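Engineer: Enclosed is the structure file start-v2.txt (compact mmCIF, C-alpha atoms).
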# COMPACT_ATOMS: atom_id res chain seq x y z
CA MET L 160 -18.42 -0.07 14.29
CA HIS L 161 -14.81 -0.37 15.38
CA ARG L 162 -14.05 2.79 17.34
CA PRO L 163 -13.02 3.64 20.90
CA THR L 164 -15.95 3.44 23.29
CA GLY L 165 -17.65 6.74 23.99
CA GLU L 166 -16.10 8.61 21.09
CA PRO L 167 -18.73 10.04 18.69
CA MET L 168 -18.90 9.31 15.00
CA ARG L 169 -17.69 12.22 12.91
CA PRO L 170 -18.94 13.48 9.53
CA HIS L 171 -17.24 12.05 6.48
CA PRO L 172 -17.29 14.18 3.32
CA THR L 173 -17.26 12.56 -0.07
CA PRO L 174 -13.90 12.48 -1.86
CA THR L 175 -13.41 13.74 -5.39
CA PRO L 176 -11.23 11.50 -7.56
CA GLY L 177 -8.82 12.76 -10.14
CA PRO L 178 -9.15 12.33 -13.89
CA LEU L 179 -10.57 9.18 -15.39
CA PRO L 180 -8.11 6.60 -16.78
CA HIS L 181 -9.31 7.56 -20.28
CA ASP L 182 -11.33 10.34 -21.89
CA GLY L 183 -15.11 10.15 -21.82
CA PRO L 184 -17.53 7.80 -20.06
CA PRO L 185 -17.13 4.01 -20.21
CA ASP L 186 -18.60 1.98 -23.06
CA PRO L 187 -22.28 1.30 -22.18
CA ALA L 188 -22.02 -2.17 -23.67
CA GLN L 189 -19.32 -3.04 -21.14
CA VAL L 190 -21.13 -1.79 -18.01
CA ASP L 191 -23.38 -4.03 -15.93
CA PRO L 192 -26.44 -2.03 -14.80
CA ARG L 193 -26.37 -3.80 -11.45
CA VAL L 194 -22.78 -2.64 -10.87
CA LEU L 195 -23.76 0.93 -11.75
CA GLY L 196 -26.68 0.77 -9.31
CA ALA L 197 -24.45 -0.59 -6.54
CA LEU L 198 -21.90 2.19 -7.05
CA LEU L 199 -24.58 4.89 -7.10
CA ASP L 200 -25.98 3.55 -3.84
CA ARG L 201 -22.52 3.39 -2.26
CA HIS L 202 -21.76 7.00 -3.10
CA GLY L 203 -24.96 8.39 -1.69
CA TRP L 204 -27.16 8.73 -4.75
CA ARG L 205 -30.86 8.52 -3.95
CA ARG L 206 -33.16 6.05 -5.63
CA ARG L 207 -36.47 7.74 -6.46
CA GLY L 208 -38.67 5.05 -7.87
CA GLY L 209 -38.93 4.07 -11.53
CA ALA L 210 -40.73 1.20 -13.22
CA ALA L 211 -40.58 -1.79 -10.85
CA GLY L 212 -38.53 -4.62 -12.30
CA ARG L 213 -37.55 -2.55 -15.35
CA TYR L 214 -35.52 0.53 -14.39
CA SER L 215 -34.85 2.86 -11.47
CA ARG L 216 -34.34 6.63 -11.24
CA TRP L 217 -31.35 8.05 -9.32
CA THR L 218 -30.45 11.58 -8.25
CA PRO L 219 -27.14 12.73 -6.71
CA PRO L 220 -26.72 13.55 -3.03
CA GLY L 221 -26.65 17.09 -1.66
CA PRO L 222 -28.78 20.20 -2.10
CA GLY L 223 -29.75 21.34 -5.58
CA ALA L 224 -29.10 17.87 -7.00
CA GLY L 225 -32.34 17.62 -8.91
CA ALA L 226 -30.75 18.92 -12.12
CA THR L 227 -29.32 15.45 -12.80
CA SER L 228 -31.44 12.34 -13.00
CA LEU L 229 -30.32 8.92 -14.21
CA LEU L 230 -32.51 6.11 -15.52
CA VAL L 231 -30.74 2.82 -14.85
CA PRO L 232 -32.13 -0.51 -16.15
CA GLU L 233 -32.52 -3.30 -13.63
CA SER L 234 -30.57 -5.68 -15.89
CA ARG L 235 -29.31 -6.08 -19.43
CA ALA L 236 -32.55 -7.96 -20.22
CA PHE L 237 -34.36 -4.61 -20.47
CA PRO L 238 -35.03 -3.97 -24.21
CA ASP L 239 -33.53 -0.45 -24.32
CA CYS L 240 -30.76 -1.24 -21.84
CA GLU L 241 -27.80 -0.05 -23.89
CA ASP L 242 -29.51 3.22 -24.89
CA LEU L 243 -30.48 3.99 -21.30
CA MET L 244 -27.00 3.10 -20.07
CA GLY L 245 -25.41 5.38 -22.65
CA GLU L 246 -27.64 8.28 -21.58
CA ALA L 247 -26.98 7.59 -17.90
CA LEU L 248 -23.21 7.46 -18.35
CA THR L 249 -23.16 10.63 -20.44
CA ALA L 250 -25.23 12.44 -17.80
CA LEU L 251 -22.94 11.10 -15.10
CA SER L 252 -19.83 12.40 -16.89
CA ARG L 253 -21.42 15.87 -17.11
CA CYS L 254 -22.67 15.90 -13.52
CA ALA L 255 -20.90 18.35 -11.20
CA ALA L 256 -21.46 16.22 -8.09
CA PRO L 257 -18.10 14.93 -6.75
CA SER L 258 -19.61 11.48 -6.27
CA ALA L 259 -20.27 11.22 -10.03
CA ARG L 260 -16.53 11.12 -10.69
CA GLU L 261 -16.09 8.37 -8.12
CA VAL L 262 -18.78 6.26 -9.77
CA LEU L 263 -17.17 6.69 -13.18
CA VAL L 264 -13.76 5.68 -11.83
CA GLY L 265 -15.33 2.57 -10.29
CA LEU L 266 -16.86 1.67 -13.64
CA SER L 267 -13.75 2.40 -15.72
CA VAL L 268 -11.36 0.46 -13.48
CA PRO L 269 -13.10 -2.11 -11.22
CA SER L 270 -11.54 -1.17 -7.91
CA ASP L 271 -11.79 -1.72 -4.20
CA GLU L 272 -11.99 1.62 -2.42
CA VAL L 273 -9.96 2.52 0.67
CA ARG L 274 -10.98 5.75 2.41
CA TRP L 275 -9.09 7.67 5.05
CA TRP L 276 -10.51 10.47 7.16
CA ARG L 277 -8.67 12.58 9.75
CA ASP L 278 -10.43 14.84 12.26
CA VAL L 279 -8.24 17.97 12.10
CA PRO L 280 -9.04 21.68 12.52
CA GLN L 281 -10.47 23.25 9.37
CA GLY L 282 -9.00 26.30 7.71
CA PRO L 283 -10.93 29.09 6.00
CA SER L 284 -14.02 27.90 4.10
CA GLY L 285 -13.45 24.31 5.21
CA THR L 286 -9.97 23.98 3.68
CA ALA L 287 -7.00 22.12 5.17
CA ALA L 288 -3.42 23.31 5.56
CA TRP L 289 -0.86 22.07 3.03
CA THR L 290 1.02 20.17 5.74
CA VAL L 291 -2.19 18.47 6.89
CA GLN L 292 -2.85 17.26 3.35
CA GLU L 293 0.72 15.99 2.97
CA GLN L 294 0.51 14.15 6.30
CA LEU L 295 -2.68 12.46 5.16
CA ARG L 296 -1.21 11.39 1.83
CA SER L 297 1.96 10.10 3.45
CA ALA L 298 0.07 8.12 6.09
CA ALA L 299 -2.35 6.68 3.51
CA ARG L 300 0.58 5.57 1.36
CA GLN L 301 2.15 3.87 4.38
CA VAL L 302 -1.10 2.06 5.21
CA LEU L 303 -1.44 0.70 1.66
CA LEU L 304 2.22 -0.32 1.57
CA ALA L 305 1.80 -2.16 4.90
CA GLY L 306 -1.12 -4.06 3.36
CA ALA L 307 0.92 -4.88 0.26
CA LEU L 308 3.83 -6.11 2.39
CA ALA L 309 1.47 -8.29 4.45
CA ALA L 310 0.13 -9.77 1.23
CA ARG L 311 3.69 -10.91 0.42
CA GLY L 312 4.24 -12.50 3.85
CA ARG L 313 3.17 -12.27 7.49
CA THR L 314 5.89 -11.03 9.85
CA GLY L 315 6.23 -8.48 12.64
CA TYR L 316 8.81 -6.40 10.77
CA HIS L 317 9.37 -6.40 7.01
CA GLY L 318 12.19 -3.87 6.74
CA ALA L 319 13.50 -3.82 3.16
CA ARG L 320 12.16 -7.30 2.40
CA HIS L 321 9.56 -7.54 -0.41
CA ARG L 322 9.43 -3.73 -0.61
CA ARG L 323 10.03 -3.48 -4.36
CA GLN L 324 7.35 -6.05 -5.13
CA ALA L 325 4.91 -4.44 -2.70
CA GLN L 326 5.42 -1.01 -4.23
CA ALA L 327 5.04 -2.43 -7.73
CA SER L 328 1.67 -3.95 -6.78
CA LEU L 329 0.36 -0.44 -5.95
CA GLU L 330 1.43 1.28 -9.18
CA GLY L 331 -2.09 1.24 -10.65
CA VAL L 332 -3.80 2.83 -7.65
CA LEU L 333 -5.84 5.99 -8.36
CA VAL L 334 -6.32 8.65 -5.69
CA GLY L 335 -8.97 11.30 -5.03
CA ASN L 336 -9.21 14.00 -2.34
CA ALA L 337 -12.17 14.82 -0.15
CA GLN L 338 -13.56 18.32 -0.06
CA GLY L 339 -11.60 20.32 2.50
CA GLY L 340 -8.50 18.15 2.14
CA ARG L 341 -9.18 16.14 5.32
CA GLY L 342 -10.01 12.87 3.58
CA LEU L 343 -8.59 10.70 0.83
CA THR L 344 -9.81 7.80 -1.30
CA ALA L 345 -7.65 5.23 -3.05
CA PHE L 346 -9.12 3.17 -5.89
CA VAL L 347 -7.17 -0.10 -5.85
CA PRO L 348 -7.69 -2.11 -9.06
CA VAL L 349 -9.01 -5.58 -8.30
CA ASP L 350 -6.34 -7.01 -10.58
CA PRO L 351 -3.79 -7.21 -9.01
CA GLY L 352 -4.78 -5.28 -5.86
CA ARG L 353 -7.55 -7.45 -4.39
CA VAL L 354 -5.05 -9.50 -2.36
CA VAL L 355 -3.77 -6.23 -0.83
CA THR L 356 -7.17 -4.83 0.16
CA ALA L 357 -8.37 -8.17 1.55
CA ARG L 358 -5.23 -8.50 3.68
CA LEU L 359 -5.53 -4.88 4.79
CA TYR L 360 -9.12 -5.53 5.89
CA HIS L 361 -8.01 -8.32 8.24
CA ALA L 362 -4.95 -6.41 9.46
CA LEU L 363 -6.88 -3.25 10.38
CA HIS L 364 -9.50 -5.11 12.37
CA ALA L 365 -6.83 -7.20 14.10
CA ALA L 366 -4.91 -4.04 15.01
CA ARG L 367 -8.07 -2.44 16.40
CA GLU L 368 -8.82 -5.52 18.52
CA ALA L 369 -5.23 -5.76 19.77
CA VAL L 370 -5.25 -2.11 20.81
CA ASP L 371 -8.58 -2.58 22.61
CA TYR L 372 -7.22 -5.63 24.44
CA GLN L 373 -4.05 -3.85 25.56
CA ARG L 374 -5.95 -0.76 26.69
CA ALA L 375 -8.40 -2.90 28.65
CA THR L 376 -5.91 -5.33 30.23
CA GLY L 377 -2.52 -3.63 30.00
CA ARG L 378 -1.20 -6.78 28.31
CA PRO L 379 0.31 -6.72 24.79
CA GLU L 380 0.05 -10.38 23.73
CA ALA L 381 -2.82 -9.75 21.29
CA PHE L 382 -0.35 -7.99 19.02
CA GLY L 383 1.62 -11.24 18.78
CA SER L 384 -1.29 -13.19 17.33
CA ALA L 385 -2.30 -10.21 15.17
CA VAL L 386 0.83 -10.74 13.02
CA GLU L 387 -0.89 -13.67 11.32
CA ALA L 388 -3.68 -11.29 10.26
CA GLY L 389 -1.14 -8.92 8.69
CA VAL L 390 -0.31 -6.51 11.52
CA SER L 391 3.33 -5.39 11.50
CA ARG L 392 5.59 -2.59 12.59
CA GLU L 393 4.97 -0.99 9.20
CA LEU L 394 1.21 -0.93 9.86
CA THR L 395 1.48 0.35 13.44
CA GLU L 396 3.82 3.14 12.27
CA ALA L 397 1.38 4.01 9.47
CA LEU L 398 -1.50 4.23 11.94
CA VAL L 399 0.56 6.41 14.27
CA SER L 400 1.27 8.75 11.35
CA LEU L 401 -2.40 8.81 10.44
CA VAL L 402 -3.65 9.61 13.96
CA ARG L 403 -0.86 11.86 15.23
CA GLY L 404 -1.94 15.50 15.37
CA THR L 405 -5.66 14.71 15.03
CA GLU L 406 -8.63 14.11 17.29
CA GLY L 407 -9.13 10.77 15.57
CA ALA L 408 -8.93 8.99 12.23
CA ARG L 409 -10.71 6.18 10.47
CA ILE L 410 -10.25 3.89 7.50
CA ALA L 411 -13.09 2.33 5.51
CA LEU L 412 -13.03 -0.26 2.73
CA ALA L 413 -15.60 -0.97 0.03
CA TRP L 414 -15.36 -3.84 -2.44
CA ALA L 415 -15.65 -3.51 -6.21
CA PRO L 416 -19.23 -4.62 -7.01
CA ALA L 417 -18.10 -6.31 -10.23
CA ALA L 418 -15.67 -8.56 -8.31
CA GLY L 419 -17.84 -9.52 -5.35
CA VAL L 420 -16.74 -9.88 -1.73
CA PRO L 421 -13.37 -11.47 -0.82
CA GLU L 422 -13.58 -14.71 1.11
CA GLY L 423 -13.66 -14.17 4.86
CA CYS L 424 -14.53 -10.44 4.63
CA ALA L 425 -17.72 -8.59 5.50
CA ALA L 426 -19.86 -7.54 2.54
CA ARG L 427 -20.15 -3.97 3.88
CA PRO L 428 -17.16 -3.45 6.19
CA GLU L 429 -17.59 -0.97 9.01
CA PRO L 430 -14.97 1.78 9.21
CA VAL L 431 -12.11 1.11 11.63
CA GLU L 432 -11.37 4.08 13.90
CA PHE L 433 -8.30 5.03 15.90
CA SER L 434 -7.88 7.85 18.40
CA PRO L 435 -4.95 9.62 20.10
CA GLY L 436 -5.52 7.36 23.09
CA ASP L 437 -4.45 4.40 20.94
CA LEU L 438 -1.02 5.85 20.14
CA PRO L 439 0.91 4.46 23.15
CA ALA L 440 -0.24 0.90 22.41
CA LEU L 441 0.58 1.24 18.71
CA ARG L 442 4.04 2.68 19.41
CA GLU L 443 4.85 -0.02 21.97
CA ALA L 444 3.73 -2.74 19.56
CA GLY L 445 5.92 -1.33 16.79
CA ALA L 446 8.94 -1.27 19.08
CA ARG L 447 8.33 -4.91 20.11
CA TYR L 448 7.96 -6.03 16.50
CA LEU L 449 11.29 -4.43 15.67
CA GLN L 450 13.04 -5.92 18.70
CA ASP L 451 11.57 -9.40 18.39
CA GLU L 452 12.11 -10.02 14.69
CA PRO L 453 15.12 -12.39 14.44
CA SER L 454 17.94 -12.31 11.94
CA VAL L 455 17.54 -14.67 8.99
CA PRO L 456 20.14 -17.17 7.72
CA VAL L 457 20.55 -16.71 3.96
CA ARG L 458 22.80 -17.56 1.05
CA ILE L 459 22.82 -14.57 -1.28
CA THR L 460 23.94 -14.22 -4.87
CA GLY L 461 24.65 -10.62 -5.84
CA THR L 462 26.78 -8.26 -7.87
CA VAL L 463 29.28 -5.95 -6.18
CA VAL L 464 28.26 -2.32 -6.74
CA ARG L 465 30.45 -0.61 -4.15
CA MET L 466 33.65 -1.43 -2.22
CA ARG L 467 35.42 0.34 0.64
CA ARG L 468 38.26 -0.26 3.05
CA SER L 469 40.47 2.09 5.01
CA GLY L 470 43.77 1.08 3.36
CA PRO L 471 45.30 -1.00 0.56
CA ARG L 472 45.14 -4.13 2.71
CA GLY L 473 42.92 -5.64 5.35
CA ALA L 474 39.19 -6.18 5.80
CA GLY L 475 36.62 -4.08 3.99
CA THR L 476 32.94 -3.59 3.22
CA VAL L 477 31.11 -4.31 -0.01
CA ARG L 478 27.62 -3.51 -1.17
CA LEU L 479 25.82 -6.17 -3.18
CA ARG L 480 22.88 -5.79 -5.49
CA VAL L 481 20.90 -8.92 -4.65
CA LEU L 482 20.09 -11.26 -7.53
CA ALA L 483 18.80 -14.21 -5.52
CA GLY L 484 18.55 -15.54 -1.98
CA ALA L 485 16.78 -12.65 -0.20
CA GLU L 486 13.82 -10.37 -0.90
CA VAL L 487 15.83 -7.15 -0.53
CA PRO L 488 17.40 -5.01 -3.27
CA TYR L 489 20.82 -4.42 -1.66
CA VAL L 490 22.86 -5.64 1.31
CA ARG L 491 26.03 -4.40 2.94
CA VAL L 492 28.59 -7.06 3.89
CA ALA L 493 31.73 -6.80 6.05
CA LEU L 494 34.43 -9.14 4.67
CA ASP L 495 37.87 -10.25 5.81
CA GLU L 496 40.85 -9.48 3.56
CA GLU L 497 40.74 -12.68 1.53
CA SER L 498 36.97 -12.52 0.95
CA TYR L 499 37.21 -8.82 0.08
CA ARG L 500 39.88 -9.62 -2.52
CA THR L 501 37.72 -12.42 -3.95
CA ALA L 502 34.74 -10.06 -4.28
CA GLY L 503 36.91 -7.44 -6.00
CA HIS L 504 38.35 -9.90 -8.50
CA ALA L 505 34.90 -11.30 -9.29
CA HIS L 506 33.60 -7.84 -9.99
CA LEU L 507 36.53 -6.91 -12.22
CA VAL L 508 35.85 -9.88 -14.49
CA GLY L 509 32.08 -9.27 -14.48
CA LEU L 510 30.93 -12.07 -12.18
CA PRO L 511 28.52 -12.00 -9.25
CA VAL L 512 29.45 -13.64 -5.94
CA ARG L 513 27.67 -15.99 -3.57
CA VAL L 514 27.98 -15.47 0.18
CA ALA L 515 26.35 -17.01 3.24
CA GLY L 516 25.51 -15.13 6.44
CA ARG L 517 22.73 -13.75 8.60
CA LEU L 518 20.45 -11.00 7.35
CA GLU L 519 20.17 -8.66 10.34
CA SER L 520 16.82 -7.14 11.25
CA ARG L 521 18.58 -4.09 12.65
CA GLY L 522 18.68 -1.50 9.91
CA GLY L 523 15.82 -3.09 8.00
CA PHE L 524 17.46 -6.36 6.82
CA ARG L 525 20.03 -4.44 4.78
CA ARG L 526 23.16 -5.85 6.47
CA LEU L 527 24.65 -9.33 6.21
CA THR L 528 26.69 -10.46 9.23
CA ASP L 529 28.88 -13.52 9.89
CA ALA L 530 29.67 -13.63 6.16
CA SER L 531 31.49 -16.71 4.89
CA GLY L 532 32.10 -18.77 1.79
CA VAL L 533 32.52 -15.91 -0.69
CA VAL L 534 32.87 -17.44 -4.18
CA PRO L 535 32.39 -16.15 -7.75
CA VAL L 536 29.36 -17.44 -9.64
CA GLN L 537 29.50 -18.32 -13.32
CA VAL L 538 26.92 -16.61 -15.58
CA ASP L 539 26.19 -16.74 -19.31
CA GLU L 540 28.02 -14.42 -21.70
CA ALA L 541 25.11 -12.00 -22.16
CA GLU L 542 24.77 -11.44 -18.43
CA ARG L 543 28.52 -11.12 -18.04
CA ASP L 544 28.66 -8.44 -20.76
CA ARG L 545 25.90 -6.54 -19.01
CA LEU L 546 27.74 -6.69 -15.69
CA MET L 547 30.97 -5.51 -17.31
CA LYS L 548 29.14 -2.55 -18.84
CA SER L 549 27.76 -1.70 -15.42
CA LEU L 550 31.30 -1.86 -13.98
CA HIS L 551 32.66 0.69 -16.48
CA GLU L 552 29.71 3.00 -15.89
CA ASN L 553 30.16 2.92 -12.11
CA LEU L 554 33.92 2.92 -11.53
CA GLY L 555 33.55 6.11 -9.50
CA PHE L 556 31.72 4.20 -6.77
CA PHE L 557 34.83 2.32 -5.74
CA GLY L 558 36.56 3.87 -2.77
CA GLU L 559 33.53 5.99 -1.89
CA ALA L 560 31.90 5.68 1.48
CA CYS L 561 28.73 3.63 1.62
CA GLY L 562 25.71 5.87 2.08
CA PRO L 563 23.17 5.73 4.95
CA GLY L 564 21.36 2.43 5.13
CA ASP L 565 23.63 0.73 2.61
As structure tokens - that is how I would like this structure written.
Structural biologist:
Amino acid sequence: MHRPTGEPMRPHPTPTPGPLPHDGPPDPAQVDPRVLGALLDRHGWRRRGGAAGRYSRWTPPGPGAGATSLLVPESRAFPDCEDLMGEALTALSRCAAPSAREVLVGLSVPSDEVRWWRDVPQGPSGTAAWTVQEQLRSAARQVLLAGALAARGRTGYHGARHRRQAQASLEGVLVGNAQGGRGLTAFVPVDPGRVVTARLYHALHAAREAVDYQRATGRPEAFGSAVEAGVSRELTEALVSLVRGTEGARIALAWAPAAGVPEGCAARPEPVEFSPGDLPALREAGARYLQDEPSVPVRITGTVVRMRRSGPRGAGTVRLRVLAGAEVPYVRVALDEESYRTAGHAHLVGLPVRVAGRLESRGGFRRLTDASGVVPVQVDEAERDRLMKSLHENLGFFGEACGPGD
């Protein structure tokens, strides 16, 4: 168990997922009985005998659960397998136990599960305040995004780099709340999310070990080597958001039974816990990651979407929508008078420009400095027509001030 020494384990209620991806239970012919058994066991269902080597009987967790009983074949070799599976899945879809919904989600969309739990004061009847629930959802989203960014590349600070691709890789994630609003479960589809959950597994354990090392020795160097495991400023900030305002928080992962265990990961990962005492180390590590990440030399091709300068002549600033050369959506570039004029002319005739410079880490890799070599880039007629259409639709942008972070 990865948790601060001397801090007790806290109860962890079972989350309730939202609606299934489609109406009704999954097709019995498409469900492996062994996968169903593994999911029932994971979510606390109790095995109560059955015919050895043929089928097993399962009942849901919690008091008064005897009203539902599932007969699950040991394998598809059982003669009445499909009939029993159909009855079991129908009973599962009608079961009121929150865990039944989780099992059905796991069968409908083979998913790795990521669970968050925050130890916060309970409201009336075990509820949680609206703000507490929003803080949990925001922190959980940040944790998953940090894992998705680490799956794209290992670095101490990602900024705007790879963010669109990382967010796109999480579009299929399903989410369910725990009773009382103090916990959350994300169902991350194995395809394409397995690379994200596997990287998050390594990153969380590396972060826990780096925090332990710094708290024990006062030295921060473990956070340097933890970058290779996927730890970044984005992850440390996410963990700070998760823990702040609580008595502790933990994150647990469980692999989709149908997909097996990722290489290099534990079959049944222990939850990783963080406490308020870990916050100083996490904050310091995030600040170092931001400070230490160097600027990156790049040669960017992009279309001009905004231009600004203080007068009719002189240097100015342009905003480029990046087409190639950097994994960011937009950059802001300060140009001398001649380069500014070149960028303006290229835009007016529907051409992108190419420019070399250094992508600055300050501001999240959204600013290009030391710009040079601004030249128009030839494109095919279809692309040029599209760029010209965009120009006419966005003429109002010219002369406007660039917004925050541009």
Engineer: Using only C-alpha atoms, which of L:Thr476, L:Thr460, L:Thr290, L:Ser531 sits nearest Tyr499 in chain L?
Structural biologist: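 Of L:Thr476, L:Thr460, L:Thr290, L:Ser531, the one nearest Tyr499 in chain L is L:Thr476, counting only C-alpha atoms.
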Engineer: What's the separation between CA of Pro439 in chain L and CA of Ala325 in chain L, in Å to one decimal place?
Structural biologist: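 It comes out at 27.6 Å.
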Engineer: Please identify all polymer residues within 9 Å of Val455 in chain L, counting all atoms listed in the file, omitting same-chain residues fewer than 2 positions from it, and present them as a PyMOL selection string.
Structural biologist: chain L and resi 453+457+516-520+524
Engineer: Tell me, as number ranges by chain, which residues lie within 7 Å of range 403-415 of chain L, counting only C-alpha atoms; anything in the same chain fewer than 4 positions away does not count.
Structural biologist: L: 269-279, 399, 419-420, 427-435
Engineer: For each of L:Thr227, L:Asn336, L:Thr344, L:Thr376, take the minimum atom-to-atom distance to Thr286 in chain L, counting all atoms listed in the file, then give the residue where this is smallest.
Structural biologist: L:Asn336
Engineer: Of the candidates L:Leu295, L:Val487, L:Leu198, L:Val492, which one gets nearest to His321 in chain L if we count all atoms listed in the file?
Structural biologist: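 Smallest distance to His321 in chain L is found for L:Val487.
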Engineer: Measure the distance from CA of Gly245 in chain L to CA of Thr218 in chain L in Å and round it to one decimal.
Structural biologist: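 Computed distance, CA of Gly245 in chain L to CA of Thr218 in chain L, equals 16.5 Å.
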Engineer: Neighbouring residues of Ala444 in chain L were defined as those with any atom within 8 Å, considering only C-alpha atoms; residues of the same chain fewer than 5 positions away were excluded. Please report them as number ranges by chain.
Structural biologist: L: 379, 382, 392, 395
Engineer: Residues at most 7 Å from Leu510 in chain L, counting all atoms listed in the file, excluding those fewer than 3 positions away in the same chain, as a ChimeraX atom specification?
Structural biologist: /L:505-506,535-538,543
Engineer: Rank nothing, just name the residue among L:Gly523, L:Pro280, L:Pro220, L:Gly342 nearest to Leu449 in chain L, using all atoms listed in the file.
Structural biologist: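 The closest residue to Leu449 in chain L is L:Gly523.
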Engineer: Between CA of Gly208 in chain L and CA of Cys254 in chain L, what is the spacing in Å?
Structural biologist: 20.1 Å
Engineer: Closest to Ser228 in chain L among L:Ala247, L:Leu359, L:Ile459, L:Val390, using all atoms listed in the file?
Structural biologist: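 Selected residue with least distance to Ser228 in chain L: L:Ala247.
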Engineer: Name the closest residue to Glu422 in chain L among the candidates L:Val533, L:Gln294, L:Arg472, L:Arg358; distances are taken between atoms, counting only C-alpha atoms.
Structural biologist: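 Of all the options, L:Arg358 lies closest to Glu422 in chain L.
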Engineer: When you look at Trp217 in chain L with a cut-off of 10 Å (counting only C-alpha atoms), what residues show up, excluding the ones that are within fewer than 4 positions of it in the same chain? I need them as a PyMOL selection string.
Structural biologist: chain L and resi 196+199-200+203-209+225+227-231+247
Engineer: Starting from the incomplete input, reconstruct all heavy atoms of range 358-363 of chain L and write that as a short mmCIF file (atom, residue, chain, number, x, y, z; two decimals), in the coordinates of the input.
Structural biologist:
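Output file result.cif follows:
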data_model
loop_
_atom_site.label_atom_id
_atom_site.label_comp_id
_atom_site.auth_asym_id
_atom_site.auth_seq_id
_atom_site.Cartn_x
_atom_site.Cartn_y
_atom_site.Cartn_z
N ARG L 358 -6.15 -8.35 2.55
CA ARG L 358 -5.23 -8.50 3.68
C ARG L 358 -5.30 -7.28 4.58
O ARG L 358 -5.26 -7.39 5.81
CB ARG L 358 -3.81 -8.71 3.15
CG ARG L 358 -2.72 -8.87 4.22
CD ARG L 358 -3.10 -9.88 5.28
NE ARG L 358 -3.56 -11.13 4.71
CZ ARG L 358 -4.29 -12.02 5.38
NH1 ARG L 358 -4.65 -11.77 6.64
NH2 ARG L 358 -4.67 -13.14 4.81
N LEU L 359 -5.43 -6.09 3.99
CA LEU L 359 -5.53 -4.88 4.79
C LEU L 359 -6.79 -4.89 5.65
O LEU L 359 -6.76 -4.43 6.80
CB LEU L 359 -5.53 -3.66 3.87
CG LEU L 359 -5.52 -2.29 4.55
CD1 LEU L 359 -4.28 -2.12 5.43
CD2 LEU L 359 -5.57 -1.18 3.50
N TYR L 360 -7.88 -5.41 5.12
CA TYR L 360 -9.12 -5.53 5.89
C TYR L 360 -8.87 -6.31 7.18
O TYR L 360 -9.23 -5.88 8.29
CB TYR L 360 -10.19 -6.22 5.04
CG TYR L 360 -11.39 -6.72 5.81
CD1 TYR L 360 -12.47 -5.89 6.06
CD2 TYR L 360 -11.44 -8.03 6.30
CE1 TYR L 360 -13.58 -6.34 6.77
CE2 TYR L 360 -12.54 -8.49 7.00
CZ TYR L 360 -13.60 -7.64 7.24
OH TYR L 360 -14.68 -8.09 7.95
N HIS L 361 -8.26 -7.49 7.06
CA HIS L 361 -8.01 -8.32 8.24
C HIS L 361 -7.02 -7.66 9.18
O HIS L 361 -7.18 -7.71 10.41
CB HIS L 361 -7.50 -9.70 7.80
CG HIS L 361 -8.52 -10.52 7.07
ND1 HIS L 361 -9.64 -11.02 7.69
CD2 HIS L 361 -8.58 -10.91 5.77
CE1 HIS L 361 -10.36 -11.71 6.81
NE2 HIS L 361 -9.73 -11.65 5.64
N ALA L 362 -5.99 -7.02 8.63
CA ALA L 362 -4.95 -6.41 9.46
C ALA L 362 -5.51 -5.24 10.27
O ALA L 362 -5.19 -5.08 11.46
CB ALA L 362 -3.79 -5.96 8.59
N LEU L 363 -6.33 -4.40 9.67
CA LEU L 363 -6.88 -3.25 10.38
C LEU L 363 -7.77 -3.68 11.53
O LEU L 363 -7.70 -3.12 12.64
CB LEU L 363 -7.66 -2.36 9.41
CG LEU L 363 -6.82 -1.56 8.40
CD1 LEU L 363 -7.73 -0.89 7.39
CD2 LEU L 363 -5.97 -0.52 9.13
#
